[in-house]
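Visitor: Take a look at run_1.cif, mmCIF, N, CA and C atoms:
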```cif
data_query
#
loop_
_atom_site.label_atom_id
_atom_site.label_comp_id
_atom_site.auth_asym_id
_atom_site.auth_seq_id
_atom_site.Cartn_x
_atom_site.Cartn_y
_atom_site.Cartn_z
N GLN A 226 88.26 102.17 124.71
CA GLN A 226 89.71 102.26 124.69
C GLN A 226 90.33 100.95 125.17
N VAL A 227 91.46 100.66 124.62
CA VAL A 227 92.22 99.48 125.01
C VAL A 227 93.63 99.94 125.36
N GLN A 228 94.11 99.50 126.51
CA GLN A 228 95.48 99.79 126.90
C GLN A 228 96.31 98.52 126.76
N LEU A 229 97.47 98.67 126.16
CA LEU A 229 98.34 97.53 125.88
C LEU A 229 99.72 97.80 126.46
N VAL A 230 100.24 96.83 127.19
CA VAL A 230 101.56 96.98 127.79
C VAL A 230 102.40 95.76 127.44
N GLU A 231 103.49 96.02 126.72
CA GLU A 231 104.39 94.93 126.32
C GLU A 231 105.51 94.75 127.34
N SER A 232 106.06 93.54 127.34
CA SER A 232 107.23 93.25 128.17
C SER A 232 107.99 92.10 127.51
N GLY A 233 109.21 91.91 127.99
CA GLY A 233 110.00 90.77 127.53
C GLY A 233 111.10 91.09 126.55
N GLY A 234 111.19 92.34 126.12
CA GLY A 234 112.27 92.69 125.20
C GLY A 234 113.61 92.71 125.90
N GLY A 235 114.66 92.85 125.10
CA GLY A 235 116.00 92.91 125.67
C GLY A 235 117.04 92.56 124.62
N LEU A 236 118.21 92.24 125.12
CA LEU A 236 119.35 91.90 124.27
C LEU A 236 119.48 90.39 124.18
N VAL A 237 119.59 89.89 122.98
CA VAL A 237 119.74 88.46 122.77
C VAL A 237 120.76 88.23 121.66
N GLN A 238 121.47 87.13 121.75
CA GLN A 238 122.46 86.82 120.72
C GLN A 238 121.78 86.22 119.49
N ALA A 239 122.41 86.41 118.36
CA ALA A 239 121.90 85.81 117.12
C ALA A 239 121.75 84.31 117.31
N GLY A 240 120.65 83.79 116.80
CA GLY A 240 120.35 82.38 116.97
C GLY A 240 119.53 82.07 118.19
N GLY A 241 119.40 83.04 119.07
CA GLY A 241 118.66 82.83 120.30
C GLY A 241 117.17 83.01 120.12
N SER A 242 116.45 82.92 121.23
CA SER A 242 115.00 83.06 121.19
C SER A 242 114.55 84.02 122.28
N LEU A 243 113.32 84.48 122.11
CA LEU A 243 112.77 85.45 123.04
C LEU A 243 111.25 85.34 123.02
N ARG A 244 110.62 85.55 124.16
CA ARG A 244 109.17 85.59 124.20
C ARG A 244 108.72 86.94 124.71
N LEU A 245 107.94 87.61 123.93
CA LEU A 245 107.36 88.88 124.31
C LEU A 245 105.93 88.65 124.79
N SER A 246 105.52 89.48 125.75
CA SER A 246 104.17 89.41 126.27
C SER A 246 103.51 90.77 126.13
N CYS A 247 102.19 90.74 126.04
CA CYS A 247 101.42 91.98 125.96
C CYS A 247 100.12 91.77 126.71
N THR A 248 99.92 92.59 127.72
CA THR A 248 98.71 92.49 128.53
C THR A 248 97.78 93.63 128.17
N ALA A 249 96.52 93.29 127.99
CA ALA A 249 95.53 94.27 127.57
C ALA A 249 94.53 94.55 128.68
N SER A 250 93.99 95.75 128.65
CA SER A 250 92.92 96.12 129.58
C SER A 250 92.02 97.14 128.89
N GLY A 251 90.84 97.28 129.44
CA GLY A 251 89.92 98.30 128.95
C GLY A 251 88.79 97.78 128.09
N ARG A 252 88.90 96.54 127.63
CA ARG A 252 87.86 95.97 126.79
C ARG A 252 87.95 94.46 126.94
N THR A 253 86.85 93.78 126.68
CA THR A 253 86.87 92.33 126.82
C THR A 253 87.89 91.73 125.87
N PHE A 254 88.96 91.20 126.45
CA PHE A 254 90.11 90.74 125.66
C PHE A 254 89.71 89.67 124.66
N SER A 255 88.81 88.78 125.06
CA SER A 255 88.47 87.64 124.20
C SER A 255 87.68 88.05 122.96
N THR A 256 87.33 89.31 122.83
CA THR A 256 86.64 89.76 121.63
C THR A 256 87.60 90.42 120.63
N LEU A 257 88.85 90.60 121.03
CA LEU A 257 89.81 91.36 120.24
C LEU A 257 90.67 90.47 119.35
N THR A 258 90.88 90.92 118.13
CA THR A 258 91.94 90.35 117.30
C THR A 258 93.25 91.02 117.74
N MET A 259 94.25 90.21 117.99
CA MET A 259 95.51 90.75 118.49
C MET A 259 96.64 90.51 117.49
N GLY A 260 97.58 91.42 117.48
CA GLY A 260 98.67 91.29 116.53
C GLY A 260 99.96 91.87 117.06
N TRP A 261 101.02 91.64 116.32
CA TRP A 261 102.35 92.18 116.62
C TRP A 261 102.93 92.80 115.35
N SER A 262 103.58 93.91 115.54
CA SER A 262 104.34 94.54 114.47
C SER A 262 105.68 94.96 115.02
N ARG A 263 106.58 95.32 114.14
CA ARG A 263 107.88 95.80 114.58
C ARG A 263 108.31 96.96 113.70
N GLN A 264 109.16 97.77 114.27
CA GLN A 264 109.68 98.91 113.52
C GLN A 264 111.15 99.09 113.85
N ALA A 265 111.96 98.86 112.86
CA ALA A 265 113.38 99.10 113.01
C ALA A 265 113.67 100.57 112.74
N GLN A 266 114.75 101.05 113.28
CA GLN A 266 115.09 102.46 113.14
C GLN A 266 115.20 102.84 111.68
N GLY A 267 114.45 103.88 111.29
CA GLY A 267 114.49 104.35 109.93
C GLY A 267 113.59 103.61 108.97
N ASN A 268 112.91 102.59 109.47
CA ASN A 268 112.05 101.79 108.61
C ASN A 268 110.58 101.98 108.97
N ALA A 269 109.72 101.58 108.06
CA ALA A 269 108.29 101.62 108.32
C ALA A 269 107.91 100.47 109.25
N ARG A 270 106.76 100.61 109.86
CA ARG A 270 106.24 99.53 110.71
C ARG A 270 105.96 98.31 109.84
N GLU A 271 106.34 97.16 110.34
CA GLU A 271 106.19 95.91 109.59
C GLU A 271 105.34 94.93 110.39
N PHE A 272 104.33 94.39 109.76
CA PHE A 272 103.50 93.37 110.40
C PHE A 272 104.32 92.11 110.67
N VAL A 273 104.10 91.52 111.86
CA VAL A 273 104.80 90.29 112.22
C VAL A 273 103.83 89.11 112.28
N GLY A 274 102.75 89.26 113.02
CA GLY A 274 101.81 88.17 113.15
C GLY A 274 100.55 88.61 113.85
N ALA A 275 99.53 87.78 113.77
CA ALA A 275 98.26 88.10 114.41
C ALA A 275 97.55 86.81 114.80
N ILE A 276 96.57 86.96 115.69
CA ILE A 276 95.85 85.80 116.19
C ILE A 276 94.39 86.17 116.38
N ARG A 277 93.55 85.26 115.99
CA ARG A 277 92.11 85.44 116.11
C ARG A 277 91.70 85.47 117.57
N TRP A 278 90.55 86.04 117.87
CA TRP A 278 90.11 86.18 119.24
C TRP A 278 90.09 84.85 119.99
N SER A 279 89.74 83.77 119.29
CA SER A 279 89.64 82.46 119.92
C SER A 279 90.98 81.73 119.99
N GLY A 280 91.96 82.25 119.29
CA GLY A 280 93.24 81.56 119.22
C GLY A 280 93.27 80.46 118.18
N SER A 281 92.17 80.29 117.47
CA SER A 281 92.05 79.17 116.54
C SER A 281 92.74 79.43 115.20
N GLN A 282 93.14 80.65 114.97
CA GLN A 282 93.75 80.98 113.69
C GLN A 282 94.82 82.04 113.88
N THR A 283 95.95 81.83 113.23
CA THR A 283 97.03 82.82 113.26
C THR A 283 97.54 83.06 111.85
N VAL A 284 98.22 84.17 111.70
CA VAL A 284 98.89 84.46 110.44
C VAL A 284 100.22 85.11 110.77
N ASP A 285 101.24 84.73 110.04
CA ASP A 285 102.57 85.29 110.23
C ASP A 285 103.05 85.91 108.93
N ALA A 286 103.87 86.95 109.05
CA ALA A 286 104.46 87.56 107.86
C ALA A 286 105.40 86.57 107.20
N ASP A 287 105.51 86.67 105.90
CA ASP A 287 106.41 85.76 105.16
C ASP A 287 107.84 85.89 105.65
N SER A 288 108.23 87.09 106.07
CA SER A 288 109.61 87.33 106.48
C SER A 288 109.98 86.61 107.77
N VAL A 289 109.00 86.19 108.55
CA VAL A 289 109.27 85.53 109.83
C VAL A 289 108.66 84.14 109.91
N LYS A 290 108.02 83.73 108.85
CA LYS A 290 107.30 82.45 108.87
C LYS A 290 108.23 81.31 109.28
N GLY A 291 107.74 80.51 110.21
CA GLY A 291 108.51 79.39 110.71
C GLY A 291 109.42 79.74 111.87
N ARG A 292 109.55 81.03 112.16
CA ARG A 292 110.44 81.45 113.24
C ARG A 292 109.70 82.19 114.35
N VAL A 293 108.41 82.40 114.19
CA VAL A 293 107.64 83.06 115.24
C VAL A 293 106.37 82.28 115.52
N THR A 294 105.88 82.42 116.73
CA THR A 294 104.59 81.84 117.12
C THR A 294 103.83 82.89 117.92
N VAL A 295 102.63 83.18 117.46
CA VAL A 295 101.74 84.08 118.19
C VAL A 295 100.72 83.22 118.93
N SER A 296 100.55 83.48 120.21
CA SER A 296 99.58 82.74 121.00
C SER A 296 98.91 83.70 121.97
N ARG A 297 97.87 83.24 122.63
CA ARG A 297 97.17 84.10 123.57
C ARG A 297 96.58 83.27 124.68
N ASP A 298 96.39 83.94 125.81
CA ASP A 298 95.72 83.36 126.96
C ASP A 298 94.62 84.32 127.35
N ASN A 299 93.40 84.01 126.96
CA ASN A 299 92.29 84.93 127.22
C ASN A 299 91.98 85.06 128.71
N ALA A 300 92.31 84.06 129.48
CA ALA A 300 92.09 84.15 130.93
C ALA A 300 93.04 85.14 131.58
N LYS A 301 94.17 85.40 130.93
CA LYS A 301 95.17 86.33 131.47
C LYS A 301 95.21 87.64 130.68
N ASN A 302 94.32 87.79 129.72
CA ASN A 302 94.29 89.01 128.89
C ASN A 302 95.65 89.29 128.26
N THR A 303 96.31 88.25 127.84
CA THR A 303 97.68 88.38 127.37
C THR A 303 97.89 87.68 126.02
N VAL A 304 98.64 88.34 125.16
CA VAL A 304 99.07 87.76 123.90
C VAL A 304 100.59 87.66 123.92
N TYR A 305 101.10 86.63 123.28
CA TYR A 305 102.53 86.36 123.30
C TYR A 305 103.08 86.32 121.87
N LEU A 306 104.36 86.66 121.77
CA LEU A 306 105.09 86.49 120.52
C LEU A 306 106.38 85.76 120.87
N PHE A 307 106.48 84.53 120.43
CA PHE A 307 107.70 83.75 120.64
C PHE A 307 108.50 83.79 119.35
N MET A 308 109.75 84.16 119.46
CA MET A 308 110.62 84.25 118.29
C MET A 308 111.85 83.38 118.51
N ASN A 309 112.23 82.64 117.51
CA ASN A 309 113.46 81.86 117.61
C ASN A 309 114.34 82.13 116.39
N SER A 310 115.54 81.58 116.44
CA SER A 310 116.52 81.79 115.37
C SER A 310 116.65 83.27 115.02
N LEU A 311 116.75 84.08 116.04
CA LEU A 311 116.79 85.52 115.83
C LEU A 311 118.06 85.95 115.10
N ARG A 312 117.90 87.00 114.30
CA ARG A 312 118.99 87.53 113.49
C ARG A 312 119.18 89.01 113.82
N PRO A 313 120.37 89.54 113.60
CA PRO A 313 120.59 90.97 113.87
C PRO A 313 119.58 91.87 113.16
N GLU A 314 119.14 91.48 111.99
CA GLU A 314 118.17 92.31 111.24
C GLU A 314 116.77 92.28 111.87
N ASN A 315 116.58 91.46 112.88
CA ASN A 315 115.32 91.44 113.61
C ASN A 315 115.30 92.49 114.72
N THR A 316 116.40 93.20 114.90
CA THR A 316 116.45 94.26 115.90
C THR A 316 115.42 95.33 115.57
N ALA A 317 114.54 95.62 116.53
CA ALA A 317 113.46 96.57 116.30
C ALA A 317 112.71 96.81 117.60
N VAL A 318 111.81 97.76 117.56
CA VAL A 318 110.83 97.91 118.63
C VAL A 318 109.60 97.10 118.23
N TYR A 319 109.23 96.19 119.08
CA TYR A 319 108.10 95.32 118.82
C TYR A 319 106.88 95.82 119.60
N SER A 320 105.79 95.98 118.88
CA SER A 320 104.57 96.51 119.50
C SER A 320 103.42 95.54 119.30
N CYS A 321 102.61 95.42 120.32
CA CYS A 321 101.40 94.65 120.12
C CYS A 321 100.26 95.59 119.79
N ALA A 322 99.24 95.02 119.19
CA ALA A 322 98.12 95.82 118.71
C ALA A 322 96.83 95.04 118.89
N ALA A 323 95.76 95.79 118.98
CA ALA A 323 94.43 95.20 119.14
C ALA A 323 93.48 95.78 118.12
N ALA A 324 92.61 94.93 117.62
CA ALA A 324 91.59 95.37 116.68
C ALA A 324 90.23 94.90 117.16
N VAL A 325 89.25 95.77 117.03
CA VAL A 325 87.90 95.38 117.41
C VAL A 325 87.20 94.68 116.24
N THR A 326 87.78 94.80 115.06
CA THR A 326 87.22 94.16 113.88
C THR A 326 87.52 92.67 113.92
N ALA A 327 86.57 91.90 113.49
CA ALA A 327 86.78 90.46 113.43
C ALA A 327 87.83 90.13 112.38
N TRP A 328 88.33 88.96 112.46
CA TRP A 328 89.35 88.46 111.53
C TRP A 328 88.93 88.71 110.09
N SER A 329 89.87 89.19 109.29
CA SER A 329 89.58 89.43 107.87
C SER A 329 90.86 89.31 107.08
N PRO A 330 90.77 89.27 105.76
CA PRO A 330 91.99 89.16 104.93
C PRO A 330 92.96 90.33 105.14
N SER A 331 92.49 91.43 105.64
CA SER A 331 93.36 92.59 105.83
C SER A 331 94.08 92.58 107.17
N VAL A 332 93.96 91.49 107.92
CA VAL A 332 94.59 91.43 109.24
C VAL A 332 96.11 91.51 109.15
N GLY A 333 96.66 91.21 107.99
CA GLY A 333 98.10 91.21 107.81
C GLY A 333 98.70 92.57 107.56
N SER A 334 97.98 93.61 107.88
CA SER A 334 98.46 94.97 107.68
C SER A 334 98.39 95.72 109.00
N PRO A 335 99.41 96.50 109.34
CA PRO A 335 99.32 97.28 110.59
C PRO A 335 98.10 98.20 110.63
N GLU A 336 97.61 98.63 109.48
CA GLU A 336 96.47 99.54 109.42
C GLU A 336 95.17 98.89 109.89
N PHE A 337 95.17 97.57 109.99
CA PHE A 337 93.97 96.85 110.43
C PHE A 337 93.67 97.13 111.90
N PHE A 338 94.70 97.45 112.67
CA PHE A 338 94.58 97.51 114.12
C PHE A 338 94.20 98.91 114.62
N ASP A 339 93.48 98.93 115.73
CA ASP A 339 92.94 100.17 116.28
C ASP A 339 93.76 100.74 117.44
N TYR A 340 94.41 99.87 118.18
CA TYR A 340 95.12 100.28 119.39
C TYR A 340 96.52 99.68 119.38
N TRP A 341 97.46 100.46 119.94
CA TRP A 341 98.85 100.05 119.95
C TRP A 341 99.47 100.24 121.32
N GLY A 342 100.37 99.37 121.66
CA GLY A 342 101.17 99.57 122.86
C GLY A 342 102.37 100.45 122.56
N GLN A 343 103.13 100.75 123.60
CA GLN A 343 104.31 101.61 123.45
C GLN A 343 105.47 100.87 122.82
N GLY A 344 105.44 99.57 122.92
CA GLY A 344 106.51 98.77 122.32
C GLY A 344 107.57 98.35 123.31
N THR A 345 108.27 97.30 122.95
CA THR A 345 109.40 96.82 123.74
C THR A 345 110.56 96.58 122.78
N GLU A 346 111.72 96.99 123.18
CA GLU A 346 112.86 96.96 122.27
C GLU A 346 113.55 95.60 122.32
N VAL A 347 113.83 95.09 121.13
CA VAL A 347 114.56 93.84 120.99
C VAL A 347 115.83 94.14 120.20
N THR A 348 116.96 93.77 120.77
CA THR A 348 118.25 93.95 120.11
C THR A 348 118.90 92.59 119.96
N VAL A 349 119.24 92.25 118.74
CA VAL A 349 119.89 90.97 118.45
C VAL A 349 121.33 91.24 118.07
N SER A 350 122.24 90.73 118.85
CA SER A 350 123.67 90.97 118.60
C SER A 350 124.24 89.83 117.75
N SER A 351 125.22 90.19 116.95
CA SER A 351 125.83 89.19 116.07
C SER A 351 126.99 88.49 116.75
#
```
Could I get this file's structure written as structure tokens?
Guide:
Amino acid sequence: QVQLVESGGGLVQAGGSLRLSCTASGRTFSTLTMGWSRQAQGNAREFVGAIRWSGSQTVDADSVKGRVTVSRDNAKNTVYLFMNSLRPENTAVYSCAAAVTAWSPSVGSPEFFDYWGQGTEVTVSS
């Protein structure tokens, strides 16, 4: 089992930036592929980005490309999602996820991941 706890959400103005954090426990963090997804009210969960266990490779969704950075600190068992140029349509609950499967072409799908956090709410005001 892997437990994931997100933090850093809140209210931000359009054009602003935010960094979300997710701390993991229960399994050796450095072996996990980590990712972020979001779910706006009434919408399906949408993949945002992911990072390889070593941090050497990341992938971002086309909808956020150039505006997000996924990073990790294996010494702190923490993965980060930095978002800039935020827009009101980015308002959602952001959740981090962990996968025991090694990096693969299917990493860009929420279904790739095995464990999920409760999420942290991000509201972008216009």
Visitor: Val347 in chain A: which residues within 7 Å, counting only C-alpha atoms, same-chain residues fewer than 5 positions away excluded, as a PyMOL selection string?
Guide: chain A and resi 234-236+316-319
Visitor: With N, CA and C atoms retained, write the just-selected residues as a JSON list (two decimals), in the coordinates of the input.
Guide:
```
[["chain", "number", "residue", "atom", "x", "y", "z"],
["A", 234, "GLY", "N", 111.19, 92.34, 126.12],
["A", 234, "GLY", "CA", 112.27, 92.69, 125.20],
["A", 234, "GLY", "C", 113.61, 92.71, 125.90],
["A", 235, "GLY", "N", 114.66, 92.85, 125.10],
["A", 235, "GLY", "CA", 116.00, 92.91, 125.67],
["A", 235, "GLY", "C", 117.04, 92.56, 124.62],
["A", 236, "LEU", "N", 118.21, 92.24, 125.12],
["A", 236, "LEU", "CA", 119.35, 91.90, 124.27],
["A", 236, "LEU", "C", 119.48, 90.39, 124.18],
["A", 316, "THR", "N", 116.40, 93.20, 114.90],
["A", 316, "THR", "CA", 116.45, 94.26, 115.90],
["A", 316, "THR", "C", 115.42, 95.33, 115.57],
["A", 317, "ALA", "N", 114.54, 95.62, 116.53],
["A", 317, "ALA", "CA", 113.46, 96.57, 116.30],
["A", 317, "ALA", "C", 112.71, 96.81, 117.60],
["A", 318, "VAL", "N", 111.81, 97.76, 117.56],
["A", 318, "VAL", "CA", 110.83, 97.91, 118.63],
["A", 318, "VAL", "C", 109.60, 97.10, 118.23],
["A", 319, "TYR", "N", 109.23, 96.19, 119.08],
["A", 319, "TYR", "CA", 108.10, 95.32, 118.82],
["A", 319, "TYR", "C", 106.88, 95.82, 119.60]]
```
Visitor: What would the selection look like, as a PyMOL selection string, if the PyMOL selection byres ((chain A and resi 332-342) around 6) were run on the coordinates I just shared?
Guide: chain A and resi 229-231+272+320-325+329-331+343-344
Visitor: Could you list, as a list of chain:residue names, every residue within 8 Å of Asn315 in chain A, counting all atoms listed in the file and ignoring same-chain residues fewer than 4 positions away?
Guide: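 Answer for this query is A:Gln264, A:Ala265, A:Leu311, A:Val347, A:Thr348, A:Val349.
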Visitor: Evaluating the PyMOL selection byres (((chain A and resi 275-290 and name CA) around 8) and name CA) on the displayed file yields which residues, as a tab-separated table (two decimals) with N, CA and C atoms, keeping the file's coordinate frame?
Guide:
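The resulting out.tsv:
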```tsv
chain	number	residue	atom	x	y	z
A	254	PHE	N	88.96	91.20	126.45
A	254	PHE	CA	90.11	90.74	125.66
A	254	PHE	C	89.71	89.67	124.66
A	255	SER	N	88.81	88.78	125.06
A	255	SER	CA	88.47	87.64	124.20
A	255	SER	C	87.68	88.05	122.96
A	256	THR	N	87.33	89.31	122.83
A	256	THR	CA	86.64	89.76	121.63
A	256	THR	C	87.60	90.42	120.63
A	257	LEU	N	88.85	90.60	121.03
A	257	LEU	CA	89.81	91.36	120.24
A	257	LEU	C	90.67	90.47	119.35
A	258	THR	N	90.88	90.92	118.13
A	258	THR	CA	91.94	90.35	117.30
A	258	THR	C	93.25	91.02	117.74
A	259	MET	N	94.25	90.21	117.99
A	259	MET	CA	95.51	90.75	118.49
A	259	MET	C	96.64	90.51	117.49
A	260	GLY	N	97.58	91.42	117.48
A	260	GLY	CA	98.67	91.29	116.53
A	260	GLY	C	99.96	91.87	117.06
A	261	TRP	N	101.02	91.64	116.32
A	261	TRP	CA	102.35	92.18	116.62
A	261	TRP	C	102.93	92.80	115.35
A	272	PHE	N	104.33	94.39	109.76
A	272	PHE	CA	103.50	93.37	110.40
A	272	PHE	C	104.32	92.11	110.67
A	273	VAL	N	104.10	91.52	111.86
A	273	VAL	CA	104.80	90.29	112.22
A	273	VAL	C	103.83	89.11	112.28
A	274	GLY	N	102.75	89.26	113.02
A	274	GLY	CA	101.81	88.17	113.15
A	274	GLY	C	100.55	88.61	113.85
A	291	GLY	N	107.74	80.51	110.21
A	291	GLY	CA	108.51	79.39	110.71
A	291	GLY	C	109.42	79.74	111.87
A	292	ARG	N	109.55	81.03	112.16
A	292	ARG	CA	110.44	81.45	113.24
A	292	ARG	C	109.70	82.19	114.35
A	293	VAL	N	108.41	82.40	114.19
A	293	VAL	CA	107.64	83.06	115.24
A	293	VAL	C	106.37	82.28	115.52
A	294	THR	N	105.88	82.42	116.73
A	294	THR	CA	104.59	81.84	117.12
A	294	THR	C	103.83	82.89	117.92
A	295	VAL	N	102.63	83.18	117.46
A	295	VAL	CA	101.74	84.08	118.19
A	295	VAL	C	100.72	83.22	118.93
A	296	SER	N	100.55	83.48	120.21
A	296	SER	CA	99.58	82.74	121.00
A	296	SER	C	98.91	83.70	121.97
A	297	ARG	N	97.87	83.24	122.63
A	297	ARG	CA	97.17	84.10	123.57
A	297	ARG	C	96.58	83.27	124.68
A	327	ALA	N	86.57	91.90	113.49
A	327	ALA	CA	86.78	90.46	113.43
A	327	ALA	C	87.83	90.13	112.38
A	328	TRP	N	88.33	88.96	112.46
A	328	TRP	CA	89.35	88.46	111.53
A	328	TRP	C	88.93	88.71	110.09
A	332	VAL	N	93.96	91.49	107.92
A	332	VAL	CA	94.59	91.43	109.24
A	332	VAL	C	96.11	91.51	109.15
A	333	GLY	N	96.66	91.21	107.99
A	333	GLY	CA	98.10	91.21	107.81
A	333	GLY	C	98.70	92.57	107.56
```
Visitor: In Å to one decimal, how far is CA of Thr345 in chain A from atom C of Gln226 in chain A?
Guide: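 Interatomic distance, atom C of Gln226 in chain A to CA of Thr345 in chain A: 19.6 Å.
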Visitor: One decimal, in Å: what's the spacing between CA of Gly233 in chain A and CA of Ser262 in chain A?
Guide: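 Interatomic distance, CA of Gly233 in chain A to CA of Ser262 in chain A: 14.7 Å.
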Visitor: Can you measure atom N of Gly240 in chain A to atom N of Asn299 in chain A for me? One decimal in Å is fine.
Guide: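 Going from atom N of Gly240 in chain A over to atom N of Asn299 in chain A, I get 29.1 Å.
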Visitor: Please identify the strand (DSSP E or B) residues within chain A (assignment by DSSP from backbone atoms) and present them as a VMD selection string.
Guide: chain A and resid 228 to 232 235 to 238 243 to 250 258 to 264 271 to 276 283 to 285 293 to 298 303 to 308 317 to 324 340 to 341 345 to 350
Visitor: Would you kindly translate the PyMOL selection byres (((chain A and resi 244 and name CA) around 7) and name CA) into the concrete residues it picks from this file, as a short mmCIF file (atom, residue, chain, number, x, y, z; two decimals) with N, CA and C atoms, in the frame of the given file?
Guide:
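Output contents, as saved in expr.cif:
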```
data_model
loop_
_atom_site.label_atom_id
_atom_site.label_comp_id
_atom_site.auth_asym_id
_atom_site.auth_seq_id
_atom_site.Cartn_x
_atom_site.Cartn_y
_atom_site.Cartn_z
N GLY A 233 109.21 91.91 127.99
CA GLY A 233 110.00 90.77 127.53
C GLY A 233 111.10 91.09 126.55
N LEU A 243 113.32 84.48 122.11
CA LEU A 243 112.77 85.45 123.04
C LEU A 243 111.25 85.34 123.02
N LEU A 245 107.94 87.61 123.93
CA LEU A 245 107.36 88.88 124.31
C LEU A 245 105.93 88.65 124.79
N SER A 246 105.52 89.48 125.75
CA SER A 246 104.17 89.41 126.27
C SER A 246 103.51 90.77 126.13
N TYR A 305 101.10 86.63 123.28
CA TYR A 305 102.53 86.36 123.30
C TYR A 305 103.08 86.32 121.87
N LEU A 306 104.36 86.66 121.77
CA LEU A 306 105.09 86.49 120.52
C LEU A 306 106.38 85.76 120.87
N PHE A 307 106.48 84.53 120.43
CA PHE A 307 107.70 83.75 120.64
C PHE A 307 108.50 83.79 119.35
N MET A 308 109.75 84.16 119.46
CA MET A 308 110.62 84.25 118.29
C MET A 308 111.85 83.38 118.51
#
```
